[in-house]
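Engineer: Next comes the structure file my_file28.txt, holding compact mmCIF, C-alpha atoms and all ligand atoms.
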# COMPACT_ATOMS: atom_id res chain seq x y z
CA MET A 1 76.63 68.02 91.40
CA PRO A 2 73.62 70.20 90.42
CA VAL A 3 74.56 73.13 88.20
CA MET A 4 73.36 75.76 90.66
CA THR A 5 75.37 74.24 93.51
CA ALA A 6 78.49 74.22 91.33
CA LEU A 7 77.82 77.75 90.15
CA LEU A 8 77.32 79.13 93.65
CA ALA A 9 80.56 77.46 94.81
CA LEU A 10 82.42 78.92 91.83
CA HIS A 11 80.91 82.32 92.47
CA GLN A 12 82.01 82.30 96.10
CA THR A 13 85.60 81.72 95.00
CA GLU A 14 85.28 84.36 92.29
CA ARG A 15 84.09 86.91 94.84
CA GLN A 16 87.02 86.17 97.16
CA ILE A 17 89.42 86.61 94.24
CA ARG A 18 87.80 89.89 93.28
CA ALA A 19 87.87 91.17 96.86
CA LEU A 20 91.60 90.45 97.12
CA ARG A 21 92.28 91.98 93.72
CA SER A 22 90.31 95.10 94.57
CA ARG A 23 92.70 95.75 97.47
CA VAL A 24 95.59 95.69 95.03
CA ASP A 25 93.64 97.62 92.37
CA SER A 26 92.79 100.43 94.76
CA ALA A 27 96.47 100.74 95.72
CA GLN A 28 97.32 100.87 92.00
CA ILE A 29 94.68 103.54 91.31
CA TYR A 30 95.98 105.60 94.22
CA LEU A 31 99.56 105.29 92.97
CA ASN A 32 98.55 106.33 89.42
CA ALA A 33 96.75 109.40 90.77
CA GLN A 34 99.78 110.39 92.84
CA LYS A 35 102.09 109.93 89.85
CA ARG A 36 99.85 112.20 87.79
CA LYS A 37 100.07 114.91 90.46
CA LEU A 38 103.85 114.57 90.48
CA ASP A 39 103.87 114.88 86.67
CA ASP A 40 101.75 118.04 86.93
CA VAL A 41 104.40 119.59 89.19
CA THR A 42 107.29 118.74 86.84
CA THR A 43 105.30 119.93 83.81
CA ARG A 44 104.68 123.27 85.53
CA GLN A 45 108.37 123.48 86.50
CA ASN A 46 109.39 122.96 82.88
CA GLU A 47 106.89 125.55 81.63
CA LEU A 48 108.16 128.11 84.11
CA GLY A 49 111.79 127.26 83.28
CA ASP A 50 111.08 127.94 79.59
CA THR A 51 109.28 131.20 80.33
CA LYS A 52 112.13 132.29 82.55
CA LYS A 53 114.67 131.67 79.78
CA GLN A 54 112.54 133.64 77.31
CA ARG A 55 112.28 136.56 79.72
CA GLN A 56 116.04 136.48 80.43
CA ALA A 57 116.73 136.57 76.69
CA ARG A 58 114.36 139.56 76.36
CA ILE A 59 116.22 141.35 79.18
CA GLY A 60 119.52 140.71 77.39
CA ALA A 61 118.15 142.23 74.17
CA LEU A 62 116.69 145.24 76.02
CA GLU A 63 119.99 145.87 77.79
CA THR A 64 121.93 145.74 74.52
CA GLU A 65 119.49 148.19 72.95
CA SER A 66 119.64 150.45 76.00
CA ALA A 67 123.44 150.48 75.85
CA SER A 68 123.43 151.55 72.23
CA VAL A 69 120.95 154.36 73.02
CA GLU A 70 123.29 155.41 75.85
CA GLU A 71 126.19 155.52 73.41
CA ARG A 72 124.14 157.61 71.04
CA LEU A 73 123.25 159.97 73.92
CA GLY A 74 126.94 160.42 74.76
CA LYS A 75 127.67 161.55 71.22
CA LEU A 76 124.64 163.85 71.17
CA ARG A 77 125.80 165.50 74.39
CA GLU A 78 129.23 166.13 72.86
CA ASP A 79 127.56 167.64 69.79
CA LEU A 80 125.41 169.72 72.10
CA ASN A 81 128.49 171.23 73.72
CA SER A 82 129.92 172.16 70.41
CA ALA A 83 126.73 173.53 68.88
CA THR A 84 127.32 176.66 66.91
CA SER A 85 123.82 178.07 66.69
CA THR A 86 120.73 178.25 68.88
CA LYS A 87 118.76 176.42 66.20
CA GLU A 88 121.32 173.60 66.10
CA TYR A 89 121.39 173.53 69.91
CA HIS A 90 117.58 173.21 70.17
CA GLY A 91 117.50 170.54 67.50
CA LEU A 92 120.14 168.48 69.34
CA LEU A 93 118.42 169.04 72.67
CA ASN A 94 115.16 167.64 71.28
CA GLU A 95 117.03 164.60 70.02
CA VAL A 96 118.69 164.14 73.43
CA ASN A 97 115.32 164.21 75.14
CA ALA A 98 113.82 161.77 72.65
CA GLN A 99 116.71 159.36 73.21
CA LYS A 100 116.37 159.73 76.99
CA ASP A 101 112.70 158.79 76.71
CA ALA A 102 113.57 155.83 74.55
CA LYS A 103 116.16 154.65 77.05
CA ARG A 104 113.77 155.04 79.98
CA GLU A 105 111.20 152.98 78.13
CA LEU A 106 113.73 150.24 77.44
CA ASP A 107 114.91 150.22 81.07
CA ASP A 108 111.33 150.07 82.36
CA LYS A 109 110.64 147.10 80.12
CA ALA A 110 113.76 145.34 81.42
CA LEU A 111 112.67 146.03 85.03
CA ALA A 112 109.21 144.65 84.34
CA GLU A 113 110.79 141.46 82.94
CA MET A 114 112.99 141.19 86.04
CA SER A 115 110.01 141.48 88.34
CA GLU A 116 108.25 138.74 86.32
CA ILE A 117 111.33 136.56 86.81
CA GLU A 118 111.16 137.18 90.56
CA SER A 119 107.57 135.89 90.61
CA ILE A 120 108.66 132.87 88.57
CA ASP A 121 111.47 132.18 91.04
CA THR A 122 109.01 132.36 93.95
CA GLU A 123 106.68 129.87 92.26
CA LEU A 124 109.62 127.62 91.36
CA GLY A 125 110.63 127.59 95.03
CA THR A 126 107.13 126.50 96.07
CA LEU A 127 107.11 123.87 93.34
CA ALA A 128 110.45 122.46 94.49
CA ASP A 129 108.95 121.94 97.97
CA ASN A 130 105.84 120.42 96.41
CA LEU A 131 107.94 118.10 94.32
CA THR A 132 109.74 116.76 97.37
CA GLU A 133 106.39 116.11 99.10
CA ARG A 134 104.94 114.46 96.00
CA GLU A 135 107.96 112.25 95.56
CA THR A 136 107.61 111.04 99.16
CA VAL A 137 103.93 110.24 98.56
CA VAL A 138 104.70 108.34 95.34
CA THR A 139 107.44 106.33 97.06
CA LYS A 140 105.04 105.41 99.88
CA ALA A 141 102.26 104.51 97.46
CA THR A 142 104.66 102.31 95.46
CA THR A 143 105.69 100.47 98.63
CA GLU A 144 102.04 100.08 99.63
CA LEU A 145 101.21 98.56 96.25
CA GLU A 146 104.16 96.16 96.43
CA GLU A 147 103.20 95.12 99.96
CA ARG A 148 99.56 94.54 99.09
CA THR A 149 100.52 92.59 95.99
CA ALA A 150 102.86 90.41 98.03
CA GLU A 151 100.30 89.97 100.83
CA VAL A 152 97.62 88.57 98.56
CA ALA A 153 99.87 86.67 96.14
CA ASP A 154 99.80 83.27 97.91
CA ARG A 155 96.11 83.38 98.78
CA LEU A 156 95.28 84.56 95.27
CA ALA A 157 97.20 81.66 93.73
CA GLU A 158 95.33 79.22 95.99
CA LEU A 159 91.99 80.72 95.08
CA GLU A 160 92.79 80.68 91.39
CA THR A 161 93.55 76.97 91.60
CA GLU A 162 90.30 76.48 93.51
CA ARG A 163 88.46 78.46 90.84
CA ASP A 164 89.85 76.19 88.10
CA THR A 165 88.57 73.15 90.01
CA ARG A 166 85.17 74.71 90.50
CA ARG A 167 84.94 75.81 86.88
CA ALA A 168 85.35 72.19 85.89
CA ASP A 169 82.17 71.35 87.84
CA VAL A 170 80.06 73.73 85.73
CA ASP A 171 78.92 72.74 82.24
CA ALA A 172 80.49 74.66 79.36
CA SER A 173 77.49 76.70 78.21
CA THR A 174 76.53 77.80 81.73
CA LEU A 175 80.16 78.67 82.41
CA ASP A 176 80.38 80.75 79.21
CA ARG A 177 77.27 82.70 80.14
CA TYR A 178 78.48 83.13 83.72
CA GLU A 179 81.83 84.53 82.59
CA GLU A 180 80.23 86.80 80.04
CA LEU A 181 78.05 88.22 82.82
CA LEU A 182 81.09 88.55 85.10
CA ASP A 183 82.60 90.97 82.60
CA ASP A 184 79.38 92.84 81.88
CA LEU A 185 78.32 93.20 85.50
CA ASP A 186 81.75 93.64 87.04
CA GLY A 187 81.56 90.45 89.10
CA ASP A 188 78.12 91.07 90.57
CA VAL A 189 76.26 88.29 88.74
CA MET A 190 74.25 86.21 91.23
CA THR A 191 71.16 87.41 93.00
CA GLU A 192 68.81 85.87 95.49
CA VAL A 193 65.07 85.38 95.05
CA LEU A 194 63.21 87.16 97.84
CA ALA A 195 59.83 86.08 99.16
CA ILE A 196 57.72 89.24 99.39
CA ASP A 197 54.38 87.62 100.14
CA PRO A 198 54.49 83.83 99.62
CA ARG A 199 50.76 83.40 100.26
CA ARG A 200 50.06 85.66 97.29
CA ARG A 201 52.95 84.13 95.38
CA GLU A 202 54.84 87.42 95.28
CA TYR A 203 58.55 87.12 94.78
CA ALA A 204 61.19 89.62 93.77
CA CYS A 205 64.78 89.89 92.56
CA ALA A 206 66.99 90.96 95.48
CA GLU A 207 69.17 93.02 93.15
CA CYS A 208 66.65 95.12 91.23
CA SER A 209 63.42 94.42 93.18
CA VAL A 210 61.45 93.55 90.07
CA HIS A 211 58.64 91.06 90.72
CA LEU A 212 59.40 87.57 89.45
CA PRO A 213 56.75 85.35 87.89
CA PHE A 214 55.82 82.46 90.17
CA ASP A 215 56.47 79.94 87.42
CA LYS A 216 60.10 81.06 87.23
CA VAL A 217 60.54 80.92 91.01
CA ASN A 218 58.96 77.50 91.02
CA ARG A 219 61.34 76.17 88.36
CA ILE A 220 64.42 77.47 90.19
CA THR A 221 63.21 76.02 93.46
CA ALA A 222 62.19 72.67 92.00
CA SER A 223 65.50 71.97 90.30
CA ALA A 224 69.01 73.06 91.17
CA ASP A 225 69.87 72.43 87.52
CA GLU A 226 67.78 75.41 86.40
CA VAL A 227 69.91 78.46 85.66
CA LEU A 228 67.60 81.41 84.99
CA GLU A 229 68.31 85.11 84.88
CA CYS A 230 66.35 88.09 86.10
CA GLU A 231 65.12 89.66 82.87
CA THR A 232 65.52 93.15 84.22
CA CYS A 233 69.02 93.16 85.74
CA MET A 234 70.39 90.07 83.92
CA ARG A 235 71.67 88.45 87.11
CA ILE A 236 71.48 84.71 87.69
CA LEU A 237 68.76 83.95 90.21
CA PHE A 238 69.26 81.50 93.06
CA VAL A 239 67.28 80.45 96.10
CA THR A 240 68.65 79.60 99.54
CA GLU A 241 68.03 76.20 101.13
CA GLU A 242 65.62 77.78 103.66
CA PHE A 243 63.67 79.35 100.83
CA ARG A 244 63.48 76.01 99.06
CA GLU A 245 62.26 74.23 102.20
CA GLU A 246 59.64 76.92 102.86
CA LEU A 247 58.29 76.77 99.33
CA VAL A 248 58.23 72.98 99.23
CA LYS A 249 56.29 72.92 102.52
CA LYS A 250 53.45 74.90 100.93
ZN ZN A 301 66.92 91.70 88.88
Let's see the structure in the file written out as structure tokens.
Ligand SMILES: [Zn+2]

Structural biologist:
Amino acid sequence: MPVMTALLALHQTERQIRALRSRVDSAQIYLNAQKRKLDDVTTRQNELGDTKKQRQARIGALETESASVEERLGKLREDLNSATSTKEYHGLLNEVNAQKDAKRELDDKALAEMSEIESIDTELGTLADNLTERETVVTKATTELEERTAEVADRLAELETERDTRRADVDASTLDRYEELLDDLDGDVMTEVLAIDPRRREYACAECSVHLPFDKVNRITASADEVLECETCMRILFVTEEFREELVKK
């Protein structure tokens, strides 16, 4: 079998394999993206949970402090009642007012923390709803991936066997180059020679449109054992049977 014939047959199988795999790959990519979104929700939940604990601890500390100021105030008020001079009375009254201010400040801080916690609770509620939605999406995407994988499994196995057979028809060095290009060009490795203006011997690469020297086109057309690449896009050039017949006619 001529090399180009074997290579084109192999490539056809390779393309079918890649098309089937891409169905599975796209399901996998979708699932990964959905899992990331789910992770984002749980990460945010954990962050908020930590912040909430910190704020609750701060409230606890503020309340303790406020209680001790309150205790102090109680004593000051008793002293105030038993003050023996105007000077002492005024001094104690100033202290009472200072302590009242301190307590108000502490209580305001505690209230501010509580209102922050309320906002956190609101966001946590929204996140809990989000999480449920995200989990449903991830479950669906997982099922979709499993189904697609199962759908293509038999056909893929068949095609892989076929590919092995067809690989065996291609000589080792051509096969090496072909497979190297498969990796580099993500499967898109064969390209047709297009006749732009045959009378003026103008031909081009169908992939990148670069003009191809007539000598090269002639070699590919004359022998199906010639494996030549487009020097611009690196793809392996082939001609169709019709092209070959047309060129031979001239
Ligand atoms: Zn090209």

Engineer: Counting all atoms listed in the file, name the residues that have an atom within 10 Å of an atom of ligand ZN 301 (chain A); the answer should be given as a ChimeraX atom specification.

Structural biologist: /A:189-193,204-212,229-237

Engineer: For the selection you just gave me, I'd like the residues written to a file as a short mmCIF file (atom, residue, chain, number, x, y, z; two decimals), in the coordinates of the input, keeping C-alpha atoms.

Structural biologist:
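And here's again.cif as it stands now:
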data_model
loop_
_atom_site.label_atom_id
_atom_site.label_comp_id
_atom_site.auth_asym_id
_atom_site.auth_seq_id
_atom_site.Cartn_x
_atom_site.Cartn_y
_atom_site.Cartn_z
CA VAL A 189 76.26 88.29 88.74
CA MET A 190 74.25 86.21 91.23
CA THR A 191 71.16 87.41 93.00
CA GLU A 192 68.81 85.87 95.49
CA VAL A 193 65.07 85.38 95.05
CA ALA A 204 61.19 89.62 93.77
CA CYS A 205 64.78 89.89 92.56
CA ALA A 206 66.99 90.96 95.48
CA GLU A 207 69.17 93.02 93.15
CA CYS A 208 66.65 95.12 91.23
CA SER A 209 63.42 94.42 93.18
CA VAL A 210 61.45 93.55 90.07
CA HIS A 211 58.64 91.06 90.72
CA LEU A 212 59.40 87.57 89.45
CA GLU A 229 68.31 85.11 84.88
CA CYS A 230 66.35 88.09 86.10
CA GLU A 231 65.12 89.66 82.87
CA THR A 232 65.52 93.15 84.22
CA CYS A 233 69.02 93.16 85.74
CA MET A 234 70.39 90.07 83.92
CA ARG A 235 71.67 88.45 87.11
CA ILE A 236 71.48 84.71 87.69
CA LEU A 237 68.76 83.95 90.21
#

Engineer: Given the choices A:Thr132, A:Ser66, A:Glu116, A:Glu88, which gets closest to Ala102 (chain A) if the distance is worked out from all atoms listed in the file?

Structural biologist: A:Ser66

Engineer: Once you count only C-alpha atoms, which residues end up no further than 8 Å from (81.7, 76.1, 88.8) in the file's frame, shown as number ranges by chain?

Structural biologist: A: 3, 6-11, 163, 165-171, 175

Engineer: Taking into account all atoms listed in the file, which residue in the set A:Glu123, A:Leu247, A:Arg77, A:Tyr89 is nearest to Arg219 (chain A)?

Structural biologist: A:Leu247

Engineer: Write out as a tab-separated table (two decimals) with C-alpha atoms, in the coordinates of the input each polymer residue whose atoms come within 8 Å of region 36-51 of chain A, counting only C-alpha atoms; drop sequence neighbours fewer than 6 positions from it.

Structural biologist:
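Just written: part08.tsv:
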chain	number	residue	atom	x	y	z
A	120	ILE	CA	108.66	132.87	88.57
A	124	LEU	CA	109.62	127.62	91.36
A	127	LEU	CA	107.11	123.87	93.34
A	130	ASN	CA	105.84	120.42	96.41
A	131	LEU	CA	107.94	118.10	94.32
A	134	ARG	CA	104.94	114.46	96.00
A	135	GLU	CA	107.96	112.25	95.56
A	138	VAL	CA	104.70	108.34	95.34

Engineer: Got a sec: who's within 10 Å of region 149-159 of chain A, counting all atoms listed in the file, leaving out chain neighbours fewer than 5 positions off, as a list in words?

Structural biologist: Thr13, Glu14, Gln16, Ile17, Arg18, Leu20, Arg21, Arg23, Val24, Asp25, Ala27, Gln28, Thr143, Glu144, Asp164 and Thr165 of chain A

Engineer: As number ranges by chain, please: the residues near Ile59 (chain A) (cut-off 8 Å, all atoms listed in the file, same-chain neighbours under 4 positions excluded).

Structural biologist: A: 55, 63, 110, 113-114

Engineer: Which distance in Å separates CA of Asp107 (chain A) and CA of Arg72 (chain A), to one decimal?

Structural biologist: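 A separation of 15.5 Å between them.
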
Engineer: Considering only C-alpha atoms, return as a CSV table (one decimal) with C-alpha atoms, in the coordinates of the input whatever protein or nucleic-acid residues lie within 8 Å of Lys103 (chain A), sequence-local ones (same chain, fewer than 3 positions apart) excluded.

Structural biologist:
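Result written to selection-v6.csv:
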chain,number,residue,atom,x,y,z
A,66,SER,CA,119.6,150.4,76.0
A,69,VAL,CA,121.0,154.4,73.0
A,70,GLU,CA,123.3,155.4,75.8
A,99,GLN,CA,116.7,159.4,73.2
A,100,LYS,CA,116.4,159.7,77.0
A,106,LEU,CA,113.7,150.2,77.4
A,107,ASP,CA,114.9,150.2,81.1

Engineer: Quote the spacing between CA of Ile220 (chain A) and CA of Thr5 (chain A) in Å to one decimal place.

Structural biologist: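 Those two atoms sit 11.9 Å apart.
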
Engineer: With distances taken over only C-alpha atoms, which of A:Ala19, A:Val248, A:Leu62, A:Ala141 is nearest to Ala112 (chain A)?

Structural biologist: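 When distances to Ala112 (chain A) are compared using only C-alpha atoms, the smallest one comes from A:Leu62.
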
Engineer: Just so I have it separately, write region 90-120 of chain A from the block I sent, keeping N, CA and C atoms, as a short mmCIF file (atom, residue, chain, number, x, y, z; two decimals), in the first residue's frame.

Structural biologist:
data_model
loop_
_atom_site.label_atom_id
_atom_site.label_comp_id
_atom_site.auth_asym_id
_atom_site.auth_seq_id
_atom_site.Cartn_x
_atom_site.Cartn_y
_atom_site.Cartn_z
N HIS A 90 -18.09 66.24 93.27
CA HIS A 90 -17.81 66.58 91.88
C HIS A 90 -16.78 65.65 91.25
N GLY A 91 -15.78 65.34 92.06
CA GLY A 91 -14.75 64.39 91.59
C GLY A 91 -15.37 63.06 91.22
N LEU A 92 -16.22 62.52 92.12
CA LEU A 92 -16.86 61.22 91.87
C LEU A 92 -17.81 61.30 90.68
N LEU A 93 -18.51 62.43 90.57
CA LEU A 93 -19.46 62.60 89.47
C LEU A 93 -18.74 62.58 88.11
N ASN A 94 -17.59 63.23 88.06
CA ASN A 94 -16.77 63.19 86.82
C ASN A 94 -16.39 61.76 86.47
N GLU A 95 -15.98 61.04 87.50
CA GLU A 95 -15.57 59.63 87.28
C GLU A 95 -16.75 58.80 86.80
N VAL A 96 -17.94 59.05 87.40
CA VAL A 96 -19.15 58.32 86.96
C VAL A 96 -19.41 58.59 85.48
N ASN A 97 -19.33 59.86 85.11
CA ASN A 97 -19.59 60.20 83.70
C ASN A 97 -18.57 59.57 82.76
N ALA A 98 -17.31 59.58 83.18
CA ALA A 98 -16.26 58.96 82.35
C ALA A 98 -16.53 57.47 82.17
N GLN A 99 -16.93 56.81 83.24
CA GLN A 99 -17.22 55.37 83.17
C GLN A 99 -18.44 55.09 82.30
N LYS A 100 -19.45 56.00 82.41
CA LYS A 100 -20.64 55.84 81.57
C LYS A 100 -20.26 55.92 80.09
N ASP A 101 -19.39 56.90 79.78
CA ASP A 101 -18.94 57.04 78.38
C ASP A 101 -18.21 55.77 77.92
N ALA A 102 -17.37 55.29 78.82
CA ALA A 102 -16.59 54.08 78.47
C ALA A 102 -17.54 52.91 78.20
N LYS A 103 -18.55 52.80 79.03
CA LYS A 103 -19.49 51.68 78.88
C LYS A 103 -20.27 51.82 77.57
N ARG A 104 -20.70 53.06 77.29
CA ARG A 104 -21.46 53.28 76.05
C ARG A 104 -20.61 52.89 74.83
N GLU A 105 -19.33 53.26 74.90
CA GLU A 105 -18.43 52.94 73.80
C GLU A 105 -18.31 51.42 73.61
N LEU A 106 -18.17 50.74 74.73
CA LEU A 106 -18.05 49.28 74.68
C LEU A 106 -19.33 48.65 74.12
N ASP A 107 -20.47 49.15 74.57
CA ASP A 107 -21.76 48.60 74.11
C ASP A 107 -21.98 48.88 72.62
N ASP A 108 -21.57 50.08 72.19
CA ASP A 108 -21.70 50.41 70.76
C ASP A 108 -20.85 49.46 69.92
N LYS A 109 -19.64 49.21 70.41
CA LYS A 109 -18.76 48.29 69.67
C LYS A 109 -19.38 46.91 69.57
N ALA A 110 -19.97 46.45 70.69
CA ALA A 110 -20.61 45.12 70.69
C ALA A 110 -21.78 45.09 69.70
N LEU A 111 -22.56 46.18 69.66
CA LEU A 111 -23.70 46.26 68.73
C LEU A 111 -23.23 46.21 67.27
N ALA A 112 -22.13 46.95 67.02
CA ALA A 112 -21.59 46.97 65.66
C ALA A 112 -21.18 45.55 65.24
N GLU A 113 -20.53 44.84 66.16
CA GLU A 113 -20.13 43.45 65.87
C GLU A 113 -21.36 42.59 65.59
N MET A 114 -22.43 42.79 66.37
CA MET A 114 -23.66 42.00 66.19
C MET A 114 -24.25 42.27 64.82
N SER A 115 -24.22 43.55 64.40
CA SER A 115 -24.81 43.84 63.10
C SER A 115 -23.96 43.24 61.98
N GLU A 116 -22.63 43.19 62.18
CA GLU A 116 -21.76 42.50 61.21
C GLU A 116 -22.12 41.02 61.13
N ILE A 117 -22.40 40.42 62.29
CA ILE A 117 -22.76 39.00 62.32
C ILE A 117 -24.08 38.77 61.59
N GLU A 118 -25.01 39.72 61.72
CA GLU A 118 -26.28 39.59 60.98
C GLU A 118 -26.03 39.55 59.48
N SER A 119 -25.14 40.44 58.99
CA SER A 119 -24.82 40.44 57.55
C SER A 119 -24.20 39.11 57.15
N ILE A 120 -23.30 38.62 58.02
CA ILE A 120 -22.65 37.33 57.73
C ILE A 120 -23.71 36.23 57.63
#
